[in-house]
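S.K.: input_19.txt is the file, holding compact mmCIF, C-alpha atoms:
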```txt
# COMPACT_ATOMS: atom_id res chain seq x y z
CA MET A 1 -5.11 48.65 -74.61
CA ALA A 2 -7.04 45.59 -73.68
CA PHE A 3 -9.85 47.24 -71.66
CA PRO A 4 -11.84 50.48 -72.00
CA GLU A 5 -9.83 53.48 -70.80
CA PRO A 6 -11.49 54.04 -67.39
CA LEU A 7 -11.03 50.36 -66.59
CA GLU A 8 -7.37 50.44 -67.66
CA ARG A 9 -6.87 53.51 -65.51
CA LEU A 10 -8.40 51.77 -62.50
CA ILE A 11 -6.21 48.70 -63.05
CA ARG A 12 -3.07 50.89 -63.18
CA ALA A 13 -4.13 52.67 -59.98
CA LEU A 14 -4.82 49.39 -58.15
CA GLU A 15 -1.45 47.99 -59.20
CA ARG A 16 0.23 50.57 -56.99
CA PHE A 17 -0.87 48.68 -53.88
CA PRO A 18 1.84 46.51 -52.37
CA GLY A 19 1.34 42.87 -53.24
CA VAL A 20 -1.12 43.61 -56.05
CA GLY A 21 0.17 42.49 -59.45
CA PRO A 22 -1.36 43.16 -62.86
CA ARG A 23 -3.58 40.09 -62.72
CA SER A 24 -4.98 40.78 -59.24
CA ALA A 25 -5.53 44.40 -60.20
CA GLU A 26 -7.63 43.24 -63.18
CA ARG A 27 -9.64 40.98 -60.96
CA MET A 28 -10.23 43.74 -58.43
CA ALA A 29 -11.14 46.26 -61.13
CA LEU A 30 -13.69 43.92 -62.70
CA HIS A 31 -15.13 43.34 -59.25
CA VAL A 32 -15.67 47.10 -59.00
CA LEU A 33 -17.69 47.04 -62.23
CA ARG A 34 -20.24 44.68 -60.80
CA SER A 35 -20.41 46.21 -57.32
CA PRO A 36 -23.36 48.44 -56.43
CA PRO A 37 -22.49 52.08 -57.24
CA GLU A 38 -23.04 53.02 -53.56
CA GLU A 39 -20.33 50.58 -52.49
CA VAL A 40 -17.91 52.01 -55.01
CA ALA A 41 -18.70 55.54 -53.86
CA GLU A 42 -18.16 54.42 -50.26
CA LEU A 43 -14.74 53.02 -51.09
CA ALA A 44 -13.76 56.17 -52.99
CA MET A 45 -14.85 58.28 -50.04
CA ALA A 46 -13.10 56.03 -47.52
CA LEU A 47 -9.85 56.36 -49.49
CA ARG A 48 -9.93 60.13 -49.37
CA ASP A 49 -11.08 60.30 -45.75
CA ALA A 50 -8.42 57.88 -44.52
CA ARG A 51 -5.73 59.78 -46.39
CA MET A 52 -6.84 63.27 -45.41
CA GLU A 53 -8.10 62.76 -41.86
CA THR A 54 -5.32 60.75 -40.28
CA VAL A 55 -1.93 61.96 -39.07
CA ARG A 56 0.94 60.38 -37.16
CA CYS A 57 1.13 60.87 -33.41
CA GLU A 58 3.92 63.30 -32.55
CA ILE A 59 4.91 61.14 -29.57
CA CYS A 60 4.68 57.51 -30.65
CA GLY A 61 4.41 57.79 -34.44
CA ASN A 62 1.23 55.72 -34.68
CA VAL A 63 -1.62 56.59 -37.04
CA THR A 64 -4.24 58.75 -35.33
CA LEU A 65 -7.00 61.27 -35.93
CA ARG A 66 -5.34 63.84 -33.70
CA SER A 67 -1.92 64.04 -32.11
CA PRO A 68 -1.05 63.00 -29.47
CA CYS A 69 -2.95 59.77 -30.03
CA ARG A 70 -5.53 58.26 -27.73
CA ILE A 71 -3.01 55.95 -26.08
CA CYS A 72 -0.29 58.58 -25.55
CA ALA A 73 -2.93 60.90 -24.07
CA ASP A 74 -4.41 58.25 -21.77
CA PRO A 75 -3.37 58.86 -18.13
CA GLU A 76 -4.27 55.23 -17.35
CA ARG A 77 -1.54 53.93 -19.65
CA ASP A 78 1.83 53.53 -17.91
CA PRO A 79 4.23 56.07 -19.46
CA GLY A 80 7.20 54.21 -17.95
CA LEU A 81 6.63 51.14 -20.10
CA VAL A 82 7.15 51.60 -23.84
CA CYS A 83 6.56 48.84 -26.36
CA VAL A 84 8.53 49.30 -29.58
CA VAL A 85 6.75 47.91 -32.64
CA GLU A 86 7.40 48.03 -36.34
CA GLY A 87 4.15 49.62 -37.49
CA PRO A 88 0.54 50.53 -36.76
CA ARG A 89 -0.66 47.00 -37.43
CA GLU A 90 1.53 45.67 -34.66
CA VAL A 91 0.04 48.23 -32.27
CA ALA A 92 -3.38 46.95 -33.30
CA ARG A 93 -2.39 43.34 -32.59
CA MET A 94 -0.91 44.19 -29.17
CA GLU A 95 -4.04 46.14 -28.27
CA GLU A 96 -6.20 43.21 -29.31
CA SER A 97 -4.24 41.03 -26.88
CA LYS A 98 -5.31 43.39 -24.05
CA VAL A 99 -2.16 42.47 -22.16
CA PHE A 100 -0.06 45.61 -22.45
CA PRO A 101 -0.64 48.45 -19.95
CA GLY A 102 2.01 50.84 -21.33
CA ARG A 103 2.47 53.01 -24.38
CA TYR A 104 3.96 52.44 -27.82
CA HIS A 105 6.67 53.60 -30.11
CA VAL A 106 6.22 52.96 -33.83
CA LEU A 107 9.44 52.52 -35.80
CA MET A 108 8.24 52.96 -39.36
CA ALA A 109 5.56 54.59 -41.31
CA GLY A 110 6.07 50.89 -41.25
CA PHE A 111 3.42 50.20 -43.63
CA ALA A 112 5.29 47.34 -45.18
CA PRO A 113 7.89 46.21 -42.64
CA ARG A 114 8.24 42.80 -44.24
CA GLU A 115 9.16 44.44 -47.52
CA GLY A 116 12.61 45.68 -46.63
CA ALA A 117 11.62 48.83 -44.76
CA ALA A 118 14.00 49.88 -42.00
CA PRO A 119 13.24 51.87 -38.84
CA GLU A 120 13.08 55.58 -39.57
CA GLU A 121 15.98 57.67 -38.26
CA ALA A 122 13.46 60.14 -36.89
CA ALA A 123 11.60 57.39 -35.02
CA LEU A 124 14.81 56.17 -33.39
CA ALA A 125 15.80 59.71 -32.41
CA ALA A 126 12.32 60.35 -31.01
CA LEU A 127 12.53 57.16 -28.95
CA ARG A 128 15.88 58.23 -27.55
CA ARG A 129 14.39 61.60 -26.58
CA ARG A 130 11.46 59.88 -24.87
CA VAL A 131 13.88 57.79 -22.82
CA GLU A 132 16.18 60.74 -22.12
CA SER A 133 13.22 62.63 -20.65
CA GLY A 134 13.54 60.18 -17.76
CA GLU A 135 9.95 58.97 -17.81
CA VAL A 136 10.62 55.56 -19.36
CA ARG A 137 11.90 52.74 -17.16
CA GLU A 138 11.47 49.80 -19.55
CA VAL A 139 11.50 49.47 -23.32
CA VAL A 140 9.89 46.24 -24.52
CA LEU A 141 11.03 45.22 -27.99
CA ALA A 142 8.15 43.70 -29.91
CA THR A 143 9.72 43.60 -33.34
CA ALA A 144 9.17 40.48 -35.42
CA PRO A 145 11.19 37.34 -34.61
CA ASP A 146 12.80 37.33 -38.06
CA ARG A 147 15.77 38.93 -39.74
CA GLU A 148 14.20 42.35 -40.38
CA GLY A 149 12.75 42.43 -36.87
CA GLU A 150 16.05 41.44 -35.30
CA GLY A 151 17.81 44.12 -37.31
CA ALA A 152 15.29 46.70 -36.16
CA ALA A 153 15.75 45.58 -32.54
CA LEU A 154 19.51 45.99 -32.80
CA LEU A 155 19.09 49.51 -34.20
CA VAL A 156 16.83 50.38 -31.27
CA ALA A 157 19.39 49.02 -28.76
CA GLU A 158 22.06 51.05 -30.53
CA ALA A 159 19.94 54.22 -30.40
CA LEU A 160 19.38 53.78 -26.65
CA ARG A 161 22.98 52.87 -25.80
CA GLY A 162 24.20 54.48 -22.61
CA LEU A 163 20.76 55.42 -21.33
CA PRO A 164 19.58 54.05 -17.97
CA VAL A 165 16.62 52.06 -19.22
CA ARG A 166 15.73 48.40 -18.99
CA LEU A 167 15.48 46.65 -22.38
CA SER A 168 13.36 43.54 -22.75
CA ARG A 169 11.84 41.66 -25.61
CA LEU A 170 8.84 39.41 -26.11
CA ALA A 171 9.45 35.75 -25.26
CA ARG A 172 10.24 33.28 -28.05
CA GLY A 173 8.80 29.81 -27.96
CA LEU A 174 5.89 27.67 -29.02
CA PRO A 175 2.99 29.75 -30.27
CA VAL A 176 0.10 28.85 -27.97
CA GLY A 177 -2.60 26.82 -29.65
CA THR A 178 -0.56 25.14 -32.38
CA ARG A 179 0.53 21.55 -32.73
CA LEU A 180 4.25 20.77 -32.84
CA GLU A 181 3.92 18.90 -36.10
CA TYR A 182 3.15 22.19 -37.87
CA LEU A 183 6.09 24.17 -36.50
CA HIS A 184 9.46 24.92 -38.10
CA GLY A 185 12.52 23.33 -36.57
CA GLU A 186 13.78 26.80 -35.79
CA ILE A 187 10.78 27.56 -33.61
CA LEU A 188 11.32 24.32 -31.72
CA ALA A 189 15.04 25.04 -31.37
CA GLU A 190 14.32 28.47 -29.87
CA ALA A 191 11.72 26.96 -27.55
CA PHE A 192 14.18 24.30 -26.44
CA ARG A 193 16.96 26.82 -25.79
CA GLY A 194 14.51 28.94 -23.81
CA ARG A 195 12.99 26.07 -21.84
CA ARG A 196 11.97 26.85 -18.29
CA ALA A 197 11.74 24.82 -15.10
CA TRP A 198 8.23 23.54 -14.62
CA ASN A 199 6.61 22.18 -11.49
CA PRO A 200 3.15 20.90 -12.30
CA ASP A 201 2.21 20.87 -8.62
CA SER A 202 2.77 24.57 -8.17
CA ASP A 203 1.57 25.86 -11.56
CA PRO A 204 -0.47 23.75 -13.92
CA ASP A 205 0.21 26.18 -16.82
CA GLY A 206 4.00 26.02 -16.62
CA GLY A 207 6.16 29.09 -16.34
CA GLU A 208 7.22 30.57 -13.02
CA GLY A 209 6.06 28.62 -10.00
CA ASP A 210 3.39 30.26 -7.89
CA PRO A 211 4.90 30.66 -4.40
CA SER A 212 1.50 31.06 -2.78
CA ARG A 213 0.63 27.39 -3.35
CA MET B 1 -11.62 49.35 -32.87
CA ALA B 2 -7.92 49.01 -33.48
CA PHE B 3 -7.45 51.90 -35.91
CA PRO B 4 -8.91 55.40 -36.24
CA GLU B 5 -12.41 55.33 -37.71
CA PRO B 6 -11.62 56.48 -41.28
CA LEU B 7 -8.87 53.87 -41.47
CA GLU B 8 -11.16 51.13 -40.16
CA ARG B 9 -13.76 52.17 -42.69
CA LEU B 10 -11.22 51.94 -45.51
CA ILE B 11 -10.06 48.50 -44.33
CA ARG B 12 -13.67 47.23 -44.29
CA ALA B 13 -14.24 48.63 -47.81
CA LEU B 14 -11.06 47.03 -49.17
CA GLU B 15 -11.97 43.67 -47.67
CA ARG B 16 -14.87 43.46 -50.10
CA PHE B 17 -12.46 42.80 -52.96
CA PRO B 18 -12.18 39.14 -53.91
CA GLY B 19 -9.01 37.61 -52.53
CA VAL B 20 -8.38 40.44 -50.08
CA GLY B 21 -8.49 39.26 -46.47
CA PRO B 22 -8.40 41.41 -43.33
CA ARG B 23 -4.59 41.44 -43.18
CA SER B 24 -4.06 42.44 -46.81
CA ALA B 25 -6.75 45.07 -46.45
CA GLU B 26 -4.84 46.57 -43.51
CA ARG B 27 -1.64 46.58 -45.50
CA MET B 28 -3.35 48.23 -48.44
CA ALA B 29 -5.05 50.81 -46.24
CA LEU B 30 -1.80 51.78 -44.53
CA HIS B 31 -0.22 52.08 -47.96
CA VAL B 32 -2.91 54.62 -48.82
CA LEU B 33 -1.96 56.71 -45.79
CA ARG B 34 1.56 57.23 -47.01
CA SER B 35 0.69 57.70 -50.68
CA PRO B 36 0.69 61.21 -52.14
CA PRO B 37 -2.82 62.69 -51.83
CA GLU B 38 -2.97 63.14 -55.62
CA GLU B 39 -2.51 59.41 -56.12
CA VAL B 40 -5.27 58.63 -53.66
CA ALA B 41 -7.58 61.12 -55.39
CA GLU B 42 -6.70 59.51 -58.73
CA LEU B 43 -7.63 56.07 -57.43
CA ALA B 44 -10.89 57.36 -55.95
CA MET B 45 -11.74 58.99 -59.26
CA ALA B 46 -10.77 55.93 -61.27
CA LEU B 47 -13.07 53.80 -59.14
CA ARG B 48 -16.07 55.99 -59.82
CA ASP B 49 -15.24 56.46 -63.51
CA ALA B 50 -14.76 52.76 -64.15
CA ARG B 51 -18.01 51.96 -62.37
CA MET B 52 -20.09 54.70 -63.96
CA GLU B 53 -18.68 54.89 -67.47
CA THR B 54 -18.57 51.25 -68.51
CA VAL B 55 -21.41 49.02 -69.63
CA ARG B 56 -21.70 45.53 -71.05
CA CYS B 57 -21.90 45.06 -74.79
CA GLU B 58 -25.44 44.10 -75.77
CA ILE B 59 -24.06 41.61 -78.31
CA CYS B 60 -21.08 39.88 -76.70
CA GLY B 61 -21.43 40.85 -73.02
CA ASN B 62 -17.91 42.24 -72.75
CA VAL B 63 -17.13 45.40 -70.80
CA THR B 64 -17.20 48.48 -73.00
CA LEU B 65 -17.66 52.25 -73.01
CA ARG B 66 -20.52 52.04 -75.45
CA SER B 67 -22.58 49.17 -76.80
CA PRO B 68 -22.04 47.46 -79.17
CA CYS B 69 -18.37 47.23 -78.28
CA ARG B 70 -15.48 48.10 -80.55
CA ILE B 71 -14.98 44.47 -81.60
CA CYS B 72 -18.65 43.71 -82.29
CA ALA B 73 -18.85 46.94 -84.32
CA ASP B 74 -15.68 46.26 -86.32
CA PRO B 75 -16.51 45.20 -89.91
CA GLU B 76 -13.02 43.73 -90.21
CA ARG B 77 -13.73 41.15 -87.54
CA ASP B 78 -15.25 37.94 -88.89
CA PRO B 79 -18.84 37.70 -87.57
CA GLY B 80 -18.97 34.01 -88.53
CA LEU B 81 -16.30 33.02 -85.98
CA VAL B 82 -17.27 33.46 -82.32
CA CYS B 83 -14.88 32.75 -79.48
CA VAL B 84 -16.65 31.91 -76.21
CA VAL B 85 -14.71 33.02 -73.14
CA GLU B 86 -15.46 33.13 -69.45
CA GLY B 87 -14.90 36.84 -68.83
CA PRO B 88 -13.48 40.14 -70.00
CA ARG B 89 -9.97 39.21 -68.90
CA GLU B 90 -9.99 36.26 -71.25
CA VAL B 91 -11.01 38.55 -74.11
CA ALA B 92 -8.03 40.75 -73.19
CA ARG B 93 -5.66 37.75 -73.26
CA MET B 94 -6.97 36.54 -76.63
CA GLU B 95 -6.64 40.03 -78.08
CA GLU B 96 -3.06 40.27 -76.80
CA SER B 97 -2.27 37.06 -78.69
CA LYS B 98 -3.36 38.83 -81.90
CA VAL B 99 -4.30 35.48 -83.39
CA PHE B 100 -8.08 35.64 -83.39
CA PRO B 101 -9.85 37.34 -86.32
CA GLY B 102 -13.42 36.79 -85.12
CA ARG B 103 -15.69 38.10 -82.40
CA TYR B 104 -16.37 37.11 -78.80
CA HIS B 105 -19.07 35.94 -76.48
CA VAL B 106 -18.55 36.51 -72.77
CA LEU B 107 -20.24 33.97 -70.49
CA MET B 108 -20.13 35.73 -67.15
CA ALA B 109 -20.03 39.11 -65.68
CA GLY B 110 -17.27 36.61 -65.21
CA PHE B 111 -15.42 38.71 -62.91
CA ALA B 112 -14.27 35.82 -60.82
CA PRO B 113 -14.64 32.71 -62.96
CA ARG B 114 -12.24 30.71 -60.81
CA GLU B 115 -14.39 31.38 -57.76
CA GLY B 116 -17.29 29.14 -58.59
CA ALA B 117 -19.13 31.47 -60.95
CA ALA B 118 -21.22 29.74 -63.61
CA PRO B 119 -22.16 30.99 -67.08
CA GLU B 120 -25.10 33.34 -66.93
CA GLU B 121 -28.38 32.01 -68.28
CA ALA B 122 -28.80 35.24 -70.21
CA ALA B 123 -25.38 34.89 -71.79
CA LEU B 124 -26.15 31.36 -72.97
CA ALA B 125 -29.51 32.44 -74.37
CA ALA B 126 -27.89 35.38 -76.15
CA LEU B 127 -25.28 33.07 -77.69
CA ARG B 128 -28.02 30.77 -78.94
CA ARG B 129 -29.79 33.74 -80.52
CA ARG B 130 -26.55 34.85 -82.20
CA VAL B 131 -26.12 31.41 -83.71
CA GLU B 132 -29.80 31.13 -84.67
CA SER B 133 -29.48 34.36 -86.63
CA GLY B 134 -27.46 32.27 -89.09
CA GLU B 135 -24.40 34.48 -89.15
CA VAL B 136 -22.15 32.23 -87.05
CA ARG B 137 -20.47 29.24 -88.70
CA GLU B 138 -18.02 28.28 -85.92
CA VAL B 139 -18.06 28.64 -82.15
CA VAL B 140 -14.59 28.28 -80.62
CA LEU B 141 -14.69 27.31 -76.97
CA ALA B 142 -11.92 29.06 -75.08
CA THR B 143 -13.03 28.26 -71.54
CA ALA B 144 -10.33 27.24 -69.08
CA PRO B 145 -8.93 23.70 -69.24
CA ASP B 146 -10.11 22.95 -65.71
CA ARG B 147 -13.27 21.70 -64.05
CA GLU B 148 -15.15 25.02 -64.06
CA GLY B 149 -14.10 25.70 -67.63
CA GLU B 150 -15.12 22.22 -68.77
CA GLY B 151 -18.45 22.66 -67.03
CA ALA B 152 -18.99 25.98 -68.79
CA ALA B 153 -18.09 24.41 -72.14
CA LEU B 154 -20.64 21.65 -71.63
CA LEU B 155 -23.34 24.21 -70.83
CA VAL B 156 -22.52 26.08 -74.02
CA ALA B 157 -22.71 22.87 -76.07
CA GLU B 158 -26.06 22.15 -74.42
CA ALA B 159 -27.35 25.65 -75.21
CA LEU B 160 -26.40 25.26 -78.87
CA ARG B 161 -27.70 21.72 -79.26
CA GLY B 162 -29.48 21.17 -82.56
CA LEU B 163 -28.13 24.28 -84.25
CA PRO B 164 -26.09 23.93 -87.47
CA VAL B 165 -22.83 25.36 -86.18
CA ARG B 166 -19.34 23.93 -85.91
CA LEU B 167 -18.05 23.66 -82.33
CA SER B 168 -14.32 23.66 -81.68
CA ARG B 169 -12.13 24.25 -78.70
CA LEU B 170 -8.58 25.46 -78.13
CA ALA B 171 -5.91 22.76 -78.35
CA ARG B 172 -4.60 21.13 -75.18
CA GLY B 173 -0.95 20.29 -74.83
CA LEU B 174 2.41 21.54 -73.70
CA PRO B 175 2.32 25.28 -73.04
CA VAL B 176 4.92 26.74 -75.39
CA GLY B 177 8.01 28.02 -73.62
CA THR B 178 7.94 25.83 -70.52
CA ARG B 179 10.18 22.95 -69.52
CA LEU B 180 8.63 19.54 -69.01
CA GLU B 181 10.05 19.26 -65.50
CA TYR B 182 7.70 22.03 -64.35
CA LEU B 183 4.51 20.54 -65.76
CA HIS B 184 1.81 18.52 -64.03
CA GLY B 185 1.39 14.90 -65.05
CA GLU B 186 -2.09 15.76 -66.25
CA ILE B 187 -0.75 18.26 -68.77
CA LEU B 188 1.68 15.67 -70.08
CA ALA B 189 -1.05 13.04 -70.23
CA GLU B 190 -3.27 15.33 -72.29
CA ALA B 191 -0.35 16.21 -74.56
CA PHE B 192 0.44 12.53 -75.04
CA ARG B 193 -3.15 11.61 -75.84
CA GLY B 194 -3.28 14.48 -78.33
CA ARG B 195 0.10 13.76 -79.96
CA ARG B 196 0.37 14.45 -83.67
CA ALA B 197 2.41 12.98 -86.47
CA TRP B 198 5.53 15.02 -87.05
CA ASN B 199 7.81 15.06 -90.05
CA PRO B 200 10.83 17.26 -89.33
CA ASP B 201 11.68 17.43 -93.01
CA SER B 202 8.41 19.01 -93.99
CA ASP B 203 7.75 21.21 -90.95
CA PRO B 204 10.42 22.06 -88.42
CA ASP B 205 7.86 23.32 -85.91
CA GLY B 206 5.79 20.16 -85.79
CA GLY B 207 2.07 20.11 -86.36
CA GLU B 208 0.49 19.48 -89.74
CA GLY B 209 2.95 18.81 -92.55
CA ASP B 210 3.33 21.58 -95.11
CA PRO B 211 2.41 20.07 -98.48
CA SER B 212 4.22 22.82 -100.41
CA ARG B 213 7.65 21.54 -99.39
```
So, in terms of structure tokens, how does the structure I just supplied come out?
M.R.:
Amino acid sequence: MAFPEPLERLIRALERFPGVGPRSAERMALHVLRSPPEEVAELAMALRDARMETVRCEICGNVTLRSPCRICADPERDPGLVCVVEGPREVARMEESKVFPGRYHVLMAGFAPREGAAPEEAALAALRRRVESGEVREVVLATAPDREGEGAALLVAEALRGLPVRLSRLARGLPVGTRLEYLHGEILAEAFRGRRAWNPDSDPDGGEGDPSR
Amino acid sequence: MAFPEPLERLIRALERFPGVGPRSAERMALHVLRSPPEEVAELAMALRDARMETVRCEICGNVTLRSPCRICADPERDPGLVCVVEGPREVARMEESKVFPGRYHVLMAGFAPREGAAPEEAALAALRRRVESGEVREVVLATAPDREGEGAALLVAEALRGLPVRLSRLARGLPVGTRLEYLHGEILAEAFRGRRAWNPDSDPDGGEGDPSR
């Protein structure tokens, strides 16, 4: 044993985090030793609180303090428009964008979707039930534009097969604000295949022309 | 606020770790939510224990349960040979190598030596006092073979200036067990400059010839 027992124990506990190897765990543990005791107590408390005080929303599956979650319970959010995402972090990102007026459906406890997790059977069944209830007119797929995300999207389509609901997915193309030189060929290829007619006189931003001008 | 309050609080607390950005902190926090409560309690406990139960050794500065540390208190360890390292992790690595029969001197709370930390004034002064006591005949510099490590080594040499003690440092060269194709040019350059006469008949492993054969 290279370190004193309590330090070894902390390193072992930190190694359980995804993406934290033995060397990072050591570094984190030694950081704890020189942090003010109040900060360490805060972290310990935050761990327990987050674990004990949160649950998953019985409707959308997102992390919440009480179920149904704030968004599912919000009468201002359009219940006919459901955005399907991989996990709670994707809900957070969509909310940050302030563009989406509907509700969500979370496919996985999804806490590590990029690490081989697949949509939960229960989440797919719950989505089907939501659509079967007749309230949902459009399901927007917002899974990642990669292999896992595509696979998840196909499973969602499969789960909803035969139901009268419109399926859509987020547009693929150039990520706004980047320079072409930094983009993969695949991103450019997808943007080329999805190119859209553009009339600079009717809409300086591209996209659909604005008929009012 | 994108997540429920206890989750946000946990994310903020995890972000204080070195090398943990907002996105990794989210991933770690969501991992906590789906971990068994016992594991979370274990981690919380380990954090407090590690912080409260460890101290720094009054002689070498390493992390320990009680001071002086096990190594400084061990009569079997040569007090005349002191290996100067950047932090507790480097002590752990040296101990794992089982090659070093002496004692240590830790330059920094050293918990993030690669992040611009410099040797502590107090650690340098304490090393000088150890050498002045007359017990130390050789100080082996085991700081990293990079700019920060070289800088630390120079500060140690400066601190010991004028004292009758032999200074040495770990050899530079090819790291055993790698293939040349994977090594930086700088590593090869250092290995070339430090090349040593080799007589395969007297010593199949290279290095100094064995006069007994």
S.K.: Set out as JSON lines a contact list for chain B and chain A with a cut-off of 7 Å, giving each residue of chain B that qualifies its closest atom pair and distance in Å to one decimal, counting all atoms listed in the file, ordered by chain and rising residue number.
M.R.:
```
{"residue": "B:Ala2", "atom": "CA", "partner": "A:Ala92", "partner_atom": "CA", "distance": 5.0}
{"residue": "B:Phe3", "atom": "CA", "partner": "A:Ala92", "partner_atom": "CA", "distance": 6.9}
{"residue": "B:Pro4", "atom": "CA", "partner": "A:Thr64", "partner_atom": "CA", "distance": 5.8}
{"residue": "B:Pro6", "atom": "CA", "partner": "A:Ala50", "partner_atom": "CA", "distance": 4.8}
{"residue": "B:Leu7", "atom": "CA", "partner": "A:Ala50", "partner_atom": "CA", "distance": 5.1}
{"residue": "B:Arg9", "atom": "CA", "partner": "A:Ala46", "partner_atom": "CA", "distance": 6.2}
{"residue": "B:Leu10", "atom": "CA", "partner": "A:Ala46", "partner_atom": "CA", "distance": 4.9}
{"residue": "B:Ala13", "atom": "CA", "partner": "A:Leu43", "partner_atom": "CA", "distance": 5.5}
{"residue": "B:Phe17", "atom": "CA", "partner": "A:Met28", "partner_atom": "CA", "distance": 6.0}
{"residue": "B:Pro18", "atom": "CA", "partner": "A:Met28", "partner_atom": "CA", "distance": 6.7}
{"residue": "B:Arg27", "atom": "CA", "partner": "A:Phe111", "partner_atom": "CA", "distance": 6.5}
{"residue": "B:Met28", "atom": "CA", "partner": "A:Phe17", "partner_atom": "CA", "distance": 6.0}
{"residue": "B:Leu30", "atom": "CA", "partner": "A:Phe111", "partner_atom": "CA", "distance": 5.5}
{"residue": "B:His31", "atom": "CA", "partner": "A:Phe111", "partner_atom": "CA", "distance": 6.0}
{"residue": "B:Val32", "atom": "CA", "partner": "A:Arg51", "partner_atom": "CA", "distance": 6.4}
{"residue": "B:Leu33", "atom": "CA", "partner": "A:Arg51", "partner_atom": "CA", "distance": 4.9}
{"residue": "B:Pro37", "atom": "CA", "partner": "A:Arg51", "partner_atom": "CA", "distance": 6.8}
{"residue": "B:Val40", "atom": "CA", "partner": "A:Arg48", "partner_atom": "CA", "distance": 6.5}
{"residue": "B:Ala41", "atom": "CA", "partner": "A:Arg48", "partner_atom": "CA", "distance": 6.5}
{"residue": "B:Leu43", "atom": "CA", "partner": "A:Ala13", "partner_atom": "CA", "distance": 5.5}
{"residue": "B:Ala44", "atom": "CA", "partner": "A:Ala44", "partner_atom": "CA", "distance": 4.3}
{"residue": "B:Ala46", "atom": "CA", "partner": "A:Leu10", "partner_atom": "CA", "distance": 4.9}
{"residue": "B:Leu47", "atom": "CA", "partner": "A:Leu10", "partner_atom": "CA", "distance": 6.1}
{"residue": "B:Arg48", "atom": "CA", "partner": "A:Val40", "partner_atom": "CA", "distance": 6.5}
{"residue": "B:Asp49", "atom": "CA", "partner": "A:Pro6", "partner_atom": "CA", "distance": 5.9}
{"residue": "B:Ala50", "atom": "CA", "partner": "A:Pro6", "partner_atom": "CA", "distance": 4.8}
{"residue": "B:Arg51", "atom": "CA", "partner": "A:Leu33", "partner_atom": "CA", "distance": 4.9}
{"residue": "B:Thr64", "atom": "CA", "partner": "A:Pro4", "partner_atom": "CA", "distance": 5.8}
{"residue": "B:Leu65", "atom": "CA", "partner": "A:Pro4", "partner_atom": "CA", "distance": 6.2}
{"residue": "B:Ala92", "atom": "CA", "partner": "A:Ala2", "partner_atom": "CA", "distance": 5.0}
{"residue": "B:Phe111", "atom": "CA", "partner": "A:Leu30", "partner_atom": "CA", "distance": 5.5}
{"residue": "B:Ala112", "atom": "CA", "partner": "A:Arg27", "partner_atom": "CA", "distance": 6.9}
```
S.K.: I want to know what sits within 12 Å of B:Glu121, based on all atoms listed in the file, with residues of the same chain fewer than 3 positions away left out; could you give that as an MDAnalysis selection string?
M.R.: chainID B and resid 106:109 117:118 124:128 152 155:156 158:159
S.K.: Pick out the residues sitting within 8 Å of B:Gly102, and hand them over as an NGL selection string; count all atoms listed in the file, and ignore anything fewer than 6 positions along from it in its own chain.
M.R.: :B and (77-83)
S.K.: Tell me, in Å to one decimal, how far atom CA of B:Val131 is from atom CA of B:Arg166.
M.R.: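 So the answer is 10.3 Å.
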S.K.: Can you find the residues with an atom no farther than 9 Å from (-11.6, 25.3, -77.9), counting only C-alpha atoms, and report them as number ranges by chain?
M.R.: B: 83-84, 139-143, 153, 167-172
S.K.: Around all the atoms of stretch 61-76 of chain A listed in the file, with 8 Å of room on each side, what axis-aligned box do you get, giving centre and edge lengths in Å to one decimal, as lines of an AutoDock Vina configuration file?
M.R.:
```
center_x = -1.3
center_y = 59.6
center_z = -27.2
size_x = 27.4
size_y = 24.8
size_z = 35.7
```
S.K.: Calculated over only C-alpha atoms, which of the candidates A:Lys98, A:Arg179, A:His105, A:Arg195 has the smallest distance to A:Glu120?
M.R.: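 So, comparing all the options, the nearest one is A:His105.
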S.K.: Taking only C-alpha atoms into account, name the residue in B:Glu135, B:Glu86, B:Asp74, B:Glu15 that is nearest to B:Glu150.
M.R.: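 When distances to B:Glu150 are compared using only C-alpha atoms, the smallest one comes from B:Glu86.
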S.K.: Where atoms are absent from stretch 138-142 of chain B, fill them in so it carries N, CA, C and O atoms, then output it as an mmCIF file, in the coordinates of the input.
M.R.:
```cif
data_model
loop_
_atom_site.group_PDB
_atom_site.id
_atom_site.type_symbol
_atom_site.label_atom_id
_atom_site.label_comp_id
_atom_site.auth_asym_id
_atom_site.auth_seq_id
_atom_site.Cartn_x
_atom_site.Cartn_y
_atom_site.Cartn_z
ATOM 1 N N GLU B 138 -18.827 29.066 -86.858
ATOM 2 C CA GLU B 138 -18.020 28.280 -85.920
ATOM 3 C C GLU B 138 -17.976 28.958 -84.557
ATOM 4 O O GLU B 138 -17.733 30.169 -84.457
ATOM 5 N N VAL B 139 -18.197 28.162 -83.526
ATOM 6 C CA VAL B 139 -18.060 28.640 -82.150
ATOM 7 C C VAL B 139 -16.827 27.981 -81.553
ATOM 8 O O VAL B 139 -16.753 26.754 -81.463
ATOM 9 N N VAL B 140 -15.836 28.803 -81.196
ATOM 10 C CA VAL B 140 -14.590 28.280 -80.620
ATOM 11 C C VAL B 140 -14.673 28.397 -79.107
ATOM 12 O O VAL B 140 -14.757 29.505 -78.576
ATOM 13 N N LEU B 141 -14.635 27.263 -78.426
ATOM 14 C CA LEU B 141 -14.690 27.310 -76.970
ATOM 15 C C LEU B 141 -13.299 27.603 -76.415
ATOM 16 O O LEU B 141 -12.350 26.862 -76.652
ATOM 17 N N ALA B 142 -13.198 28.703 -75.691
ATOM 18 C CA ALA B 142 -11.920 29.060 -75.080
ATOM 19 C C ALA B 142 -12.105 29.189 -73.567
ATOM 20 O O ALA B 142 -11.548 30.068 -72.930
#
```
